[in-house]
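Q: CSV, C-alpha atoms, file model39.csv:
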```
chain,number,residue,atom,x,y,z
A,1,MET,CA,-11.6,26.9,-1.6
A,2,LYS,CA,-9.0,27.5,-4.4
A,3,GLU,CA,-6.6,29.0,-1.9
A,4,LYS,CA,-7.1,26.2,0.6
A,5,LEU,CA,-6.5,23.5,-2.1
A,6,GLY,CA,-3.5,25.4,-3.5
A,7,GLU,CA,-1.9,25.5,0.0
A,8,TYR,CA,-2.6,21.8,0.5
A,9,LYS,CA,-0.9,21.0,-2.9
A,10,ARG,CA,2.2,23.1,-2.1
A,11,GLU,CA,2.6,21.4,1.3
A,12,MET,CA,2.3,18.0,-0.4
A,13,GLU,CA,5.0,18.9,-2.9
A,14,SER,CA,7.3,20.0,-0.2
A,15,GLU,CA,6.6,16.9,2.0
A,16,LEU,CA,7.1,14.5,-1.0
A,17,HIS,CA,10.5,16.1,-1.6
A,18,GLU,CA,11.4,15.7,2.2
A,19,ILE,CA,10.3,12.1,2.3
A,20,LEU,CA,12.2,11.0,-0.9
A,21,SER,CA,15.3,13.1,0.1
A,22,TRP,CA,15.5,11.3,3.4
A,23,TRP,CA,15.3,7.9,1.7
A,24,MET,CA,17.9,8.8,-0.8
A,25,GLN,CA,20.3,10.0,1.9
A,26,MET,CA,19.6,7.3,4.6
A,27,SER,CA,18.6,4.0,3.0
A,28,ILE,CA,21.3,3.3,0.5
A,29,ASP,CA,23.5,0.2,1.4
A,30,ASP,CA,26.9,1.1,0.0
A,31,THR,CA,28.4,-2.1,1.4
A,32,HIS,CA,26.2,-4.8,0.1
A,33,GLY,CA,24.2,-3.1,-2.6
A,34,GLY,CA,20.5,-2.1,-2.7
A,35,PHE,CA,19.1,-0.7,0.5
A,36,VAL,CA,19.6,-1.3,4.2
A,37,GLY,CA,17.2,-3.6,5.9
A,38,LYS,CA,16.5,-1.9,9.2
A,39,MET,CA,16.8,1.4,10.9
A,40,ASP,CA,15.4,2.2,14.4
A,41,HIS,CA,13.5,5.2,15.7
A,42,ASP,CA,16.8,7.0,16.4
A,43,ASN,CA,18.0,6.5,12.8
A,44,ARG,CA,20.5,3.8,13.9
A,45,ILE,CA,21.2,1.3,11.0
A,46,TYR,CA,21.3,-2.4,11.7
A,47,THR,CA,23.8,-3.5,9.1
A,48,GLU,CA,23.2,-7.2,9.4
A,49,ALA,CA,19.4,-7.0,9.2
A,50,PRO,CA,17.5,-9.0,6.6
A,51,LYS,CA,16.1,-7.2,3.6
A,52,GLY,CA,12.4,-7.6,2.7
A,53,SER,CA,10.9,-7.9,-0.8
A,54,VAL,CA,8.0,-5.7,0.3
A,55,LEU,CA,10.4,-2.9,1.3
A,56,ASN,CA,12.3,-3.1,-1.9
A,57,SER,CA,9.2,-3.3,-4.1
A,58,ARG,CA,7.7,-0.3,-2.3
A,59,ILE,CA,10.9,1.7,-2.8
A,60,LEU,CA,10.8,0.8,-6.5
A,61,TRP,CA,7.2,2.0,-6.7
A,62,ALA,CA,7.7,5.2,-4.8
A,63,PHE,CA,10.7,6.5,-6.7
A,64,SER,CA,9.2,5.3,-10.1
A,65,ALA,CA,5.9,7.1,-9.4
A,66,ALA,CA,7.8,10.2,-8.2
A,67,TYR,CA,9.8,10.3,-11.4
A,68,ASN,CA,6.6,9.9,-13.4
A,69,MET,CA,5.2,12.9,-11.7
A,70,THR,CA,8.3,15.2,-11.4
A,71,HIS,CA,10.7,13.9,-14.1
A,72,ASN,CA,13.5,14.3,-11.5
A,73,GLY,CA,16.3,12.2,-12.8
A,74,GLU,CA,17.6,11.5,-9.3
A,75,TYR,CA,14.4,9.7,-8.5
A,76,LEU,CA,14.8,7.5,-11.6
A,77,LYS,CA,18.3,6.5,-10.5
A,78,ILE,CA,17.0,5.2,-7.2
A,79,ALA,CA,14.2,3.4,-8.9
A,80,ASP,CA,16.8,1.8,-11.3
A,81,ARG,CA,18.9,0.7,-8.3
A,82,ALA,CA,15.8,-0.9,-6.7
A,83,PHE,CA,14.8,-2.7,-9.9
A,84,HIS,CA,18.3,-4.2,-10.4
A,85,TYR,CA,18.5,-5.3,-6.8
A,86,ILE,CA,15.1,-7.0,-7.0
A,87,ALA,CA,15.9,-8.7,-10.3
A,88,GLU,CA,19.3,-9.9,-9.1
A,89,ASN,CA,18.4,-10.9,-5.5
A,90,PHE,CA,14.7,-11.4,-5.0
A,91,ILE,CA,13.5,-13.1,-8.2
A,92,ASP,CA,13.5,-16.9,-7.8
A,93,LYS,CA,15.1,-17.9,-11.0
A,94,GLU,CA,14.3,-21.6,-10.5
A,95,PHE,CA,10.6,-21.5,-9.5
A,96,GLY,CA,9.5,-18.0,-10.3
A,97,GLY,CA,8.0,-15.4,-8.0
A,98,VAL,CA,9.9,-13.5,-5.4
A,99,TYR,CA,11.5,-14.5,-2.1
A,100,TRP,CA,10.0,-13.0,1.1
A,101,SER,CA,13.5,-11.9,2.3
A,102,VAL,CA,17.2,-12.1,1.7
A,103,ASP,CA,20.0,-11.6,4.2
A,104,SER,CA,22.0,-8.4,4.4
A,105,THR,CA,24.4,-9.6,1.6
A,106,GLY,CA,21.5,-10.5,-0.7
A,107,LYS,CA,21.4,-14.2,-0.3
A,108,PRO,CA,18.0,-15.9,-0.2
A,109,LEU,CA,16.7,-16.2,3.4
A,110,ASP,CA,12.9,-16.8,3.6
A,111,ARG,CA,12.1,-18.4,0.3
A,112,LYS,CA,8.3,-18.8,0.8
A,113,LYS,CA,5.9,-17.3,-1.8
A,114,GLN,CA,3.8,-14.8,0.1
A,115,VAL,CA,1.2,-13.6,-2.4
A,116,TYR,CA,1.2,-10.2,-0.7
A,117,ALA,CA,4.9,-9.8,-1.6
A,118,LEU,CA,4.3,-11.0,-5.2
A,119,ALA,CA,1.6,-8.4,-5.5
A,120,PHE,CA,3.9,-5.6,-4.5
A,121,SER,CA,6.6,-6.7,-6.9
A,122,VAL,CA,4.0,-6.5,-9.8
A,123,TYR,CA,2.9,-3.0,-8.5
A,124,GLY,CA,6.5,-1.7,-8.4
A,125,LEU,CA,7.6,-3.3,-11.6
A,126,SER,CA,4.7,-1.9,-13.5
A,127,GLU,CA,5.3,1.6,-12.2
A,128,PHE,CA,9.0,1.3,-13.1
A,129,TYR,CA,8.1,0.3,-16.6
A,130,LEU,CA,6.1,3.5,-17.0
A,131,ALA,CA,9.1,5.4,-15.8
A,132,SER,CA,11.9,3.7,-17.7
A,133,LYS,CA,10.2,1.7,-20.5
A,134,ASN,CA,12.5,-1.2,-19.4
A,135,GLU,CA,11.0,-4.2,-21.2
A,136,ASN,CA,12.5,-6.7,-18.8
A,137,ALA,CA,10.6,-5.0,-15.9
A,138,LYS,CA,7.4,-5.5,-17.8
A,139,LYS,CA,8.2,-9.1,-18.6
A,140,ILE,CA,8.9,-9.9,-15.0
A,141,ALA,CA,5.7,-8.2,-13.9
A,142,VAL,CA,3.6,-10.3,-16.4
A,143,TYR,CA,5.4,-13.5,-15.4
A,144,THR,CA,4.8,-12.8,-11.8
A,145,TYR,CA,1.1,-12.1,-12.4
A,146,ASN,CA,0.9,-15.4,-14.3
A,147,ASP,CA,2.6,-17.2,-11.4
A,148,ILE,CA,0.0,-15.7,-9.0
A,149,LEU,CA,-2.9,-17.0,-11.2
A,150,THR,CA,-1.3,-20.4,-11.8
A,151,HIS,CA,-0.5,-21.2,-8.2
A,152,SER,CA,-2.6,-19.0,-5.9
A,153,TYR,CA,-6.0,-18.6,-7.6
A,154,ASP,CA,-8.8,-20.7,-6.0
A,155,GLU,CA,-10.7,-22.1,-9.0
A,156,LYS,CA,-13.4,-23.5,-6.8
A,157,PHE,CA,-14.3,-20.6,-4.5
A,158,GLY,CA,-12.6,-17.7,-6.1
A,159,GLY,CA,-10.0,-15.4,-4.7
A,160,TYR,CA,-6.3,-16.1,-3.9
A,161,ILE,CA,-4.6,-18.2,-1.3
A,162,GLU,CA,-2.3,-16.3,1.0
A,163,ALA,CA,1.0,-18.2,0.7
A,164,LEU,CA,2.8,-21.2,-0.7
A,165,THR,CA,6.1,-22.9,-0.4
A,166,ARG,CA,9.0,-21.9,-2.6
A,167,ASP,CA,8.1,-24.5,-5.2
A,168,TRP,CA,4.4,-23.5,-5.0
A,169,ASN,CA,3.1,-26.3,-2.8
A,170,GLN,CA,0.6,-25.9,0.0
A,171,ALA,CA,2.0,-24.1,3.0
A,172,SER,CA,1.0,-24.6,6.6
A,173,GLU,CA,2.1,-21.1,7.7
A,174,LEU,CA,0.1,-18.5,5.8
A,175,ARG,CA,0.4,-15.4,7.9
A,176,LEU,CA,2.1,-12.1,6.9
A,177,SER,CA,3.1,-11.5,10.5
A,178,ALA,CA,2.6,-12.9,14.0
A,179,LYS,CA,-0.4,-10.6,14.7
A,180,ASP,CA,-2.4,-12.0,11.7
A,181,ALA,CA,-4.7,-15.0,11.6
A,182,ASN,CA,-3.4,-18.1,9.9
A,183,GLU,CA,-6.2,-18.3,7.4
A,184,LYS,CA,-6.4,-19.1,3.7
A,185,LYS,CA,-7.6,-15.7,2.5
A,186,SER,CA,-7.3,-12.2,3.7
A,187,MET,CA,-8.6,-8.7,2.9
A,188,ASN,CA,-5.1,-7.3,2.9
A,189,THR,CA,-3.7,-9.6,0.2
A,190,HIS,CA,-6.7,-9.1,-2.0
A,191,LEU,CA,-6.5,-5.3,-1.6
A,192,HIS,CA,-2.9,-5.2,-2.8
A,193,LEU,CA,-3.5,-7.7,-5.5
A,194,LEU,CA,-6.2,-5.3,-6.7
A,195,GLU,CA,-3.8,-2.3,-6.8
A,196,ALA,CA,-1.1,-4.5,-8.4
A,197,PHE,CA,-3.3,-5.9,-11.1
A,198,THR,CA,-4.7,-2.4,-11.8
A,199,ASN,CA,-1.2,-0.9,-12.2
A,200,LEU,CA,-0.2,-3.8,-14.5
A,201,TYR,CA,-3.3,-3.0,-16.6
A,202,ARG,CA,-2.0,0.5,-17.1
A,203,ILE,CA,0.9,-1.0,-19.1
A,204,TRP,CA,-0.7,-4.2,-20.4
A,205,LYS,CA,-4.3,-3.9,-21.6
A,206,ASP,CA,-5.0,-7.6,-21.4
A,207,LYS,CA,-8.7,-8.5,-21.5
A,208,SER,CA,-8.3,-11.4,-19.0
A,209,LEU,CA,-6.4,-9.2,-16.6
A,210,LYS,CA,-9.3,-6.7,-16.7
A,211,GLN,CA,-11.7,-9.5,-15.8
A,212,ARG,CA,-9.4,-10.5,-12.9
A,213,ILE,CA,-9.7,-6.9,-11.6
A,214,VAL,CA,-13.4,-6.9,-11.9
A,215,GLU,CA,-13.5,-10.2,-10.1
A,216,ILE,CA,-11.5,-8.9,-7.1
A,217,ILE,CA,-13.7,-5.8,-6.9
A,218,ARG,CA,-16.8,-8.1,-6.8
A,219,ILE,CA,-15.1,-10.2,-4.1
A,220,PHE,CA,-14.8,-7.0,-2.0
A,221,PHE,CA,-18.5,-6.2,-2.6
A,222,ASP,CA,-19.7,-9.7,-2.0
A,223,HIS,CA,-17.5,-10.9,0.8
A,224,ILE,CA,-14.9,-8.5,2.2
A,225,ILE,CA,-17.0,-5.4,2.9
A,226,ASP,CA,-19.5,-6.2,5.6
A,227,SER,CA,-22.9,-5.3,4.2
A,228,LYS,CA,-24.2,-4.4,7.7
A,229,THR,CA,-21.4,-2.2,8.9
A,230,ASP,CA,-19.5,-1.2,5.7
A,231,HIS,CA,-16.2,-2.1,7.5
A,232,LEU,CA,-13.8,-4.6,6.0
A,233,ILE,CA,-13.6,-8.2,7.3
A,234,LEU,CA,-10.0,-9.0,7.6
A,235,PHE,CA,-9.7,-12.8,7.4
A,236,PHE,CA,-11.6,-15.7,5.8
A,237,ASP,CA,-11.4,-19.5,5.4
A,238,GLU,CA,-11.3,-21.1,2.0
A,239,VAL,CA,-15.0,-20.7,1.4
A,240,TRP,CA,-15.2,-17.1,2.5
A,241,ASN,CA,-16.5,-17.6,6.0
A,242,PRO,CA,-15.4,-14.7,8.2
A,243,ARG,CA,-12.6,-15.4,10.6
A,244,SER,CA,-12.1,-12.0,12.3
A,245,ASN,CA,-13.9,-9.5,14.5
A,246,ILE,CA,-11.2,-6.8,14.1
A,247,ILE,CA,-11.9,-3.4,12.5
A,248,SER,CA,-8.9,-1.9,10.8
A,249,TYR,CA,-9.8,1.8,10.3
A,250,GLY,CA,-6.7,2.4,8.1
A,251,HIS,CA,-7.6,-0.5,5.7
A,252,ASP,CA,-11.2,0.8,5.6
A,253,ILE,CA,-10.2,4.2,4.3
A,254,GLU,CA,-7.5,2.8,2.0
A,255,ALA,CA,-9.9,0.4,0.4
A,256,ALA,CA,-12.5,3.2,0.1
A,257,TRP,CA,-10.4,5.0,-2.5
A,258,LEU,CA,-8.4,2.1,-4.1
A,259,ILE,CA,-11.5,0.1,-5.2
A,260,HIS,CA,-13.0,3.2,-6.8
A,261,GLU,CA,-9.7,4.0,-8.5
A,262,SER,CA,-9.4,0.5,-9.9
A,263,ALA,CA,-13.0,0.6,-11.3
A,264,ARG,CA,-12.2,4.0,-12.9
A,265,ILE,CA,-8.9,2.9,-14.5
A,266,ILE,CA,-10.4,-0.2,-16.2
A,267,GLU,CA,-13.3,2.0,-17.4
A,268,ASP,CA,-16.1,-0.3,-16.4
A,269,ASP,CA,-19.0,2.2,-16.1
A,270,SER,CA,-21.6,-0.1,-14.4
A,271,LEU,CA,-19.0,-1.3,-11.9
A,272,LEU,CA,-17.8,2.3,-11.3
A,273,GLU,CA,-21.2,3.5,-10.2
A,274,GLU,CA,-21.4,0.8,-7.6
A,275,ALA,CA,-17.8,1.4,-6.6
A,276,LYS,CA,-18.6,5.1,-6.0
A,277,ALA,CA,-21.5,4.2,-3.7
A,278,ARG,CA,-19.7,1.5,-1.8
A,279,SER,CA,-16.6,3.7,-1.4
A,280,VAL,CA,-18.5,6.5,0.2
A,281,LYS,CA,-20.2,4.1,2.6
A,282,THR,CA,-16.8,2.6,3.6
A,283,ALA,CA,-15.3,6.1,4.0
A,284,ARG,CA,-18.1,6.9,6.4
A,285,ALA,CA,-17.5,3.7,8.3
A,286,ALA,CA,-13.8,4.5,8.6
A,287,ALA,CA,-14.6,7.9,10.0
A,288,LYS,CA,-15.9,6.2,13.1
A,289,GLY,CA,-12.2,5.6,14.0
A,290,LEU,CA,-11.3,9.3,14.0
A,291,ASP,CA,-10.3,10.9,17.3
A,292,SER,CA,-11.0,14.5,18.3
A,293,ASP,CA,-7.4,15.4,17.4
A,294,GLY,CA,-8.0,14.4,13.7
A,295,GLY,CA,-5.9,11.2,14.0
A,296,LEU,CA,-7.2,7.8,13.0
A,297,TRP,CA,-7.1,5.1,15.6
A,298,TYR,CA,-5.5,1.8,14.6
A,299,GLU,CA,-7.8,-1.1,15.3
A,300,TYR,CA,-11.0,-2.0,17.3
A,301,ASP,CA,-11.8,-5.6,18.5
A,302,VAL,CA,-15.5,-5.8,18.3
A,303,ALA,CA,-15.8,-9.0,20.3
A,304,GLN,CA,-13.6,-7.7,23.2
A,305,GLN,CA,-14.8,-4.1,22.8
A,306,HIS,CA,-11.2,-3.1,22.9
A,307,LEU,CA,-9.6,-0.1,21.0
A,308,THR,CA,-5.9,-0.3,20.2
A,309,ARG,CA,-5.1,3.1,21.4
A,310,GLN,CA,-2.3,3.8,18.9
A,311,LYS,CA,-2.3,5.9,15.7
A,312,HIS,CA,0.1,4.4,13.2
A,313,SER,CA,1.4,6.6,10.4
A,314,TRP,CA,0.2,4.7,7.4
A,315,PRO,CA,-3.6,5.0,8.3
A,316,GLN,CA,-3.1,8.8,8.5
A,317,ALA,CA,-1.7,8.9,5.0
A,318,GLU,CA,-4.5,6.7,3.7
A,319,ALA,CA,-7.0,9.0,5.4
A,320,MET,CA,-5.7,12.0,3.6
A,321,VAL,CA,-6.4,10.4,0.3
A,322,GLY,CA,-9.5,8.4,1.2
A,323,PHE,CA,-11.5,11.3,2.7
A,324,PHE,CA,-10.3,13.6,-0.2
A,325,ASN,CA,-11.7,11.0,-2.6
A,326,ALA,CA,-15.0,10.8,-0.8
A,327,TRP,CA,-15.2,14.6,-1.0
A,328,GLN,CA,-14.7,14.5,-4.7
A,329,LEU,CA,-17.5,11.9,-5.0
A,330,THR,CA,-20.0,13.6,-2.8
A,331,GLU,CA,-19.0,17.3,-2.6
A,332,ASP,CA,-19.7,17.0,1.1
A,333,GLU,CA,-17.1,19.3,2.6
A,334,LYS,CA,-16.9,17.4,5.9
A,335,PHE,CA,-14.8,14.8,3.9
A,336,LEU,CA,-12.4,17.5,2.7
A,337,LYS,CA,-12.2,18.8,6.3
A,338,ARG,CA,-11.2,15.3,7.5
A,339,SER,CA,-8.5,14.9,4.8
A,340,LEU,CA,-7.0,18.3,5.8
A,341,GLN,CA,-7.3,17.4,9.5
A,342,SER,CA,-5.5,14.1,8.8
A,343,TRP,CA,-2.6,16.1,7.3
A,344,GLU,CA,-2.6,18.6,10.2
A,345,PHE,CA,-2.4,15.6,12.6
A,346,VAL,CA,0.6,14.2,10.6
A,347,LYS,CA,2.4,17.6,10.7
A,348,GLU,CA,1.9,17.9,14.4
A,349,TYR,CA,2.6,14.4,15.6
A,350,MET,CA,3.9,12.1,12.9
A,351,LEU,CA,6.8,14.0,11.3
A,352,ASP,CA,10.2,13.5,13.0
A,353,LYS,CA,11.2,17.1,12.8
A,354,LYS,CA,14.7,16.3,14.1
A,355,LEU,CA,15.8,13.2,12.3
A,356,GLY,CA,13.4,13.2,9.3
A,357,GLU,CA,10.7,10.9,7.8
A,358,TRP,CA,7.6,9.9,9.7
A,359,TYR,CA,7.4,8.0,13.0
A,360,TRP,CA,5.9,4.5,12.9
A,361,GLY,CA,3.1,6.0,15.0
A,362,VAL,CA,2.2,7.6,18.2
A,363,ASN,CA,0.7,6.3,21.5
A,364,ALA,CA,-2.6,7.5,23.1
A,365,ASP,CA,-0.8,10.5,24.6
A,366,GLN,CA,0.6,11.3,21.1
A,367,SER,CA,4.2,10.4,22.1
A,368,PRO,CA,6.2,8.5,19.4
A,369,MET,CA,6.2,4.7,19.4
A,370,LYS,CA,10.0,4.6,20.0
A,371,GLN,CA,10.1,0.7,20.0
A,372,GLU,CA,9.2,0.6,16.3
A,373,GLU,CA,11.3,1.1,13.2
A,374,LYS,CA,11.8,4.1,11.0
A,375,LEU,CA,12.8,1.8,8.1
A,376,GLY,CA,12.2,-1.9,7.9
A,377,MET,CA,10.3,-4.8,6.4
A,378,TRP,CA,7.1,-2.8,6.7
A,379,LYS,CA,8.2,0.8,7.1
A,380,CYS,CA,8.7,2.1,3.6
A,381,PRO,CA,8.3,5.3,1.5
A,382,TYR,CA,4.9,4.0,0.2
A,383,HIS,CA,1.9,5.2,2.1
A,384,ASN,CA,3.2,8.6,2.8
A,385,SER,CA,4.8,9.4,-0.6
A,386,ARG,CA,1.7,8.0,-2.3
A,387,ALA,CA,-0.6,10.2,-0.2
A,388,CYS,CA,1.4,13.3,-1.3
A,389,MET,CA,1.3,12.3,-5.0
A,390,GLU,CA,-2.4,11.5,-4.9
A,391,ILE,CA,-3.3,14.8,-3.4
A,392,ILE,CA,-1.1,16.7,-5.9
A,393,HIS,CA,-2.7,14.8,-8.8
A,394,ARG,CA,-6.2,15.3,-7.6
A,395,ILE,CA,-5.8,19.0,-6.9
A,396,ASP,CA,-4.1,19.5,-10.3
A,397,ASN,CA,-7.1,17.8,-12.0
A,398,ILE,CA,-9.6,19.9,-10.0
A,399,PHE,CA,-7.8,23.2,-11.1
A,400,LYS,CA,-7.7,22.0,-14.8
A,401,GLU,CA,-11.4,21.2,-14.8
A,402,LYS,CA,-12.3,24.6,-13.5
A,403,LYS,CA,-10.4,26.5,-16.2
```
Show the structure stored in the file as structure tokens.
A:
Amino acid sequence: MKEKLGEYKREMESELHEILSWWMQMSIDDTHGGFVGKMDHDNRIYTEAPKGSVLNSRILWAFSAAYNMTHNGEYLKIADRAFHYIAENFIDKEFGGVYWSVDSTGKPLDRKKQVYALAFSVYGLSEFYLASKNENAKKIAVYTYNDILTHSYDEKFGGYIEALTRDWNQASELRLSAKDANEKKSMNTHLHLLEAFTNLYRIWKDKSLKQRIVEIIRIFFDHIIDSKTDHLILFFDEVWNPRSNIISYGHDIEAAWLIHESARIIEDDSLLEEAKARSVKTARAAAKGLDSDGGLWYEYDVAQQHLTRQKHSWPQAEAMVGFFNAWQLTEDEKFLKRSLQSWEFVKEYMLDKKLGEWYWGVNADQSPMKQEEKLGMWKCPYHNSRACMEIIHRIDNIFKEKK
């Protein structure tokens, strides 16, 4: 077992270096500042493409977290570049919060306040503060957190409304993307608010912030995790009536470890015990989406009995961590085997061995999804670099405990 874990850790260290080196080499926008907005499957850059706040916040988080782990100064330089670009171009200096997107030159483009994007800015800024001790980053993170509470929090039914206009009024278009339901509340936004608030708590031990984290975890237990199936429900109306029949296997396994991690970080012992039990159940539910090749399918429509026969890259990264976490909680070796098989699948089919980074995903026949981006609004160094860092941290801790 020690040999197996040691090899896993070494491969994660190597892959983390490969991922971040690619982004350092390929994503810098030397013309307009910051980072390029889009690159296709063949590494062709679209110089006029808009730039997304989610992409930039995820770059900020990834390089800040990598610096915090490795103390590689080159990573901190990229994180600093991301922070200054966000502060100068994405922060709405009149109304607060962050814009959804800017154009290729950095001018505001889509000025709506998508709470998902605000969450990622808090997530990235908090990690950057840990790396740099930049007080302005911490201040912006706290301000953005307060903007979310002031304008998005539902005082009557709990939880957070998906989106608002630039000046924080009610918005008619709430969706993150065209494939999503236009509903008031979603699993996805609440999941990333949870990780953002938890990361903020690492740098700002505010009692009310802790209570907000507890509340979101309880929302997952009471509303978002289906008590019958242990899968996540994706969309809801204002009063938490389900508005979706889609199973997202990647979100299942991502939530399975993130909820447990949040309960652990805030040191709520009673909540942590419940989180352990629910996390293992959700990991078992997610495993129903595993194919015989070790890859995790994308989505399943229960009503239509239709499986989306694609395997996107980010669910594989989350499977590596989520199944590893379930193994740590249960000592059931089938979970460790699933984590290792997820990585083997990534090595075989997700890594672009010629041009670098990970493909967006593969089709049913394991061929790359060439129509999708290598870098863009959604394709970022977040899921894959985080999977590497989480596995490294966890194996390090296992070895320390056994000494």
Q: So that I can see what lies close to stretch 275-285 of chain A, please list as a ChimeraX atom specification the residues with an atom at most 10 Å from it, counting all atoms listed in the file and leaving out residues fewer than 2 positions away in the same chain.
A: /A:217-218,220-221,225-227,229-232,247,249,251-264,269-273,287-289,319,322-327,329-330,335
Q: What is the distance between atom CA of A:Gly295 and atom CA of A:Trp343, in Å to one decimal?
A: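 It comes out at 8.9 Å.
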Q: Place a sphere of radius 12 Å on (20.4, -14.3, 3.4) in the file coordinates and name every protein, DNA or RNA residue with an atom inside or on its surface, counting all atoms listed in the file; give the answer as a list in words.
A: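 Within 12 Å of (20.4, -14.3, 3.4), the protein and nucleic acid residues are His32, Gly37, Glu48, Ala49, Pro50, Lys51, Gly52, Asn89, Phe90, Tyr99, Trp100, Ser101, Val102, Asp103, Ser104, Thr105, Gly106, Lys107, Pro108, Leu109, Asp110 and Arg111 of chain A.
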Q: Would you work out the distance separating atom CA of A:Asn397 from atom CA of A:Trp314, expressed in Å to one decimal?
A: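 Going from atom CA of A:Asn397 over to atom CA of A:Trp314, I get 24.5 Å.
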Q: List as a VMD selection string the protein and nucleic acid residues near A:Lys4, meaning an atom at most 12 Å away when only C-alpha atoms are counted, but skip any in the same chain fewer than 5 places from it.
A: chain A and resid 9 to 11 336 to 337 340 395
Q: Report, in Å to a single decimal, how far apart atom CA of A:Ser132 and atom CA of A:His393 are.
A: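 Between these atoms lies a distance of 20.4 Å.
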Q: Considering all atoms listed in the file, can you say which of A:Val321, A:Ile246, A:Ile216, A:Met1 comes closest to A:Gly158?
A: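 Between A:Val321, A:Ile246, A:Ile216, A:Met1, the residue approaching A:Gly158 most closely is A:Ile216.
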Q: Restricting the calculation to all atoms listed in the file, which member of A:Ile233, A:Ile19, A:Leu355, A:Leu193 is positioned closest to A:Asp42?
A: A:Leu355
Q: For a cutoff of 9 Å around the file-coordinate point (7.3, 6.9, -12.3), which residues qualify once you count all atoms listed in the file? I'd like the result as an NGL selection string.
A: :A and (61-71 or 75-76 or 79 or 127-132)
Q: Point out the residue among A:Ala163, A:Ala87, A:Ala119, A:Ala303 with the least atom-to-atom distance to A:Ile140, counting only C-alpha atoms.
A: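 Checking each of A:Ala163, A:Ala87, A:Ala119, A:Ala303 against A:Ile140, counting only C-alpha atoms, the winner is A:Ala87.
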Q: Which residue is closest to A:His17? Choose from A:Leu5, A:Gly356, A:Ser126, A:Glu267 and count only C-alpha atoms.
A: A:Gly356
Q: Skipping near chain neighbours, those fewer than 2 positions away, what residues fall within 12 Å of A:Val115 using all atoms listed in the file, listed as number ranges by chain?
A: A: 53-54, 97-100, 112-113, 117-122, 144-145, 147-153, 159-166, 168, 171, 174-176, 184-186, 188-194, 196
Q: For A:Thr308, work out the shell of residues within 12 Å, counting only C-alpha atoms and skipping chain neighbours fewer than 4 positions away, then give it as JSON, numbers by chain.
A: {"A": [246, 247, 248, 249, 289, 296, 297, 298, 299, 300, 301, 302, 304, 312, 362, 363, 364]}
Q: Using only C-alpha atoms, find the one residue out of A:Lys38, A:Lys311, A:Lys2, A:His383 that sits nearest to A:Tyr349.
A: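 Among A:Lys38, A:Lys311, A:Lys2, A:His383, it is A:Lys311 that comes nearest to A:Tyr349.
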Q: Using only C-alpha atoms, which of A:Ala141, A:Lys374, A:Asp80, A:Arg58 sits nearest A:Gly96?
A: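 Comparing A:Ala141, A:Lys374, A:Asp80, A:Arg58 against A:Gly96, the winner is A:Ala141.
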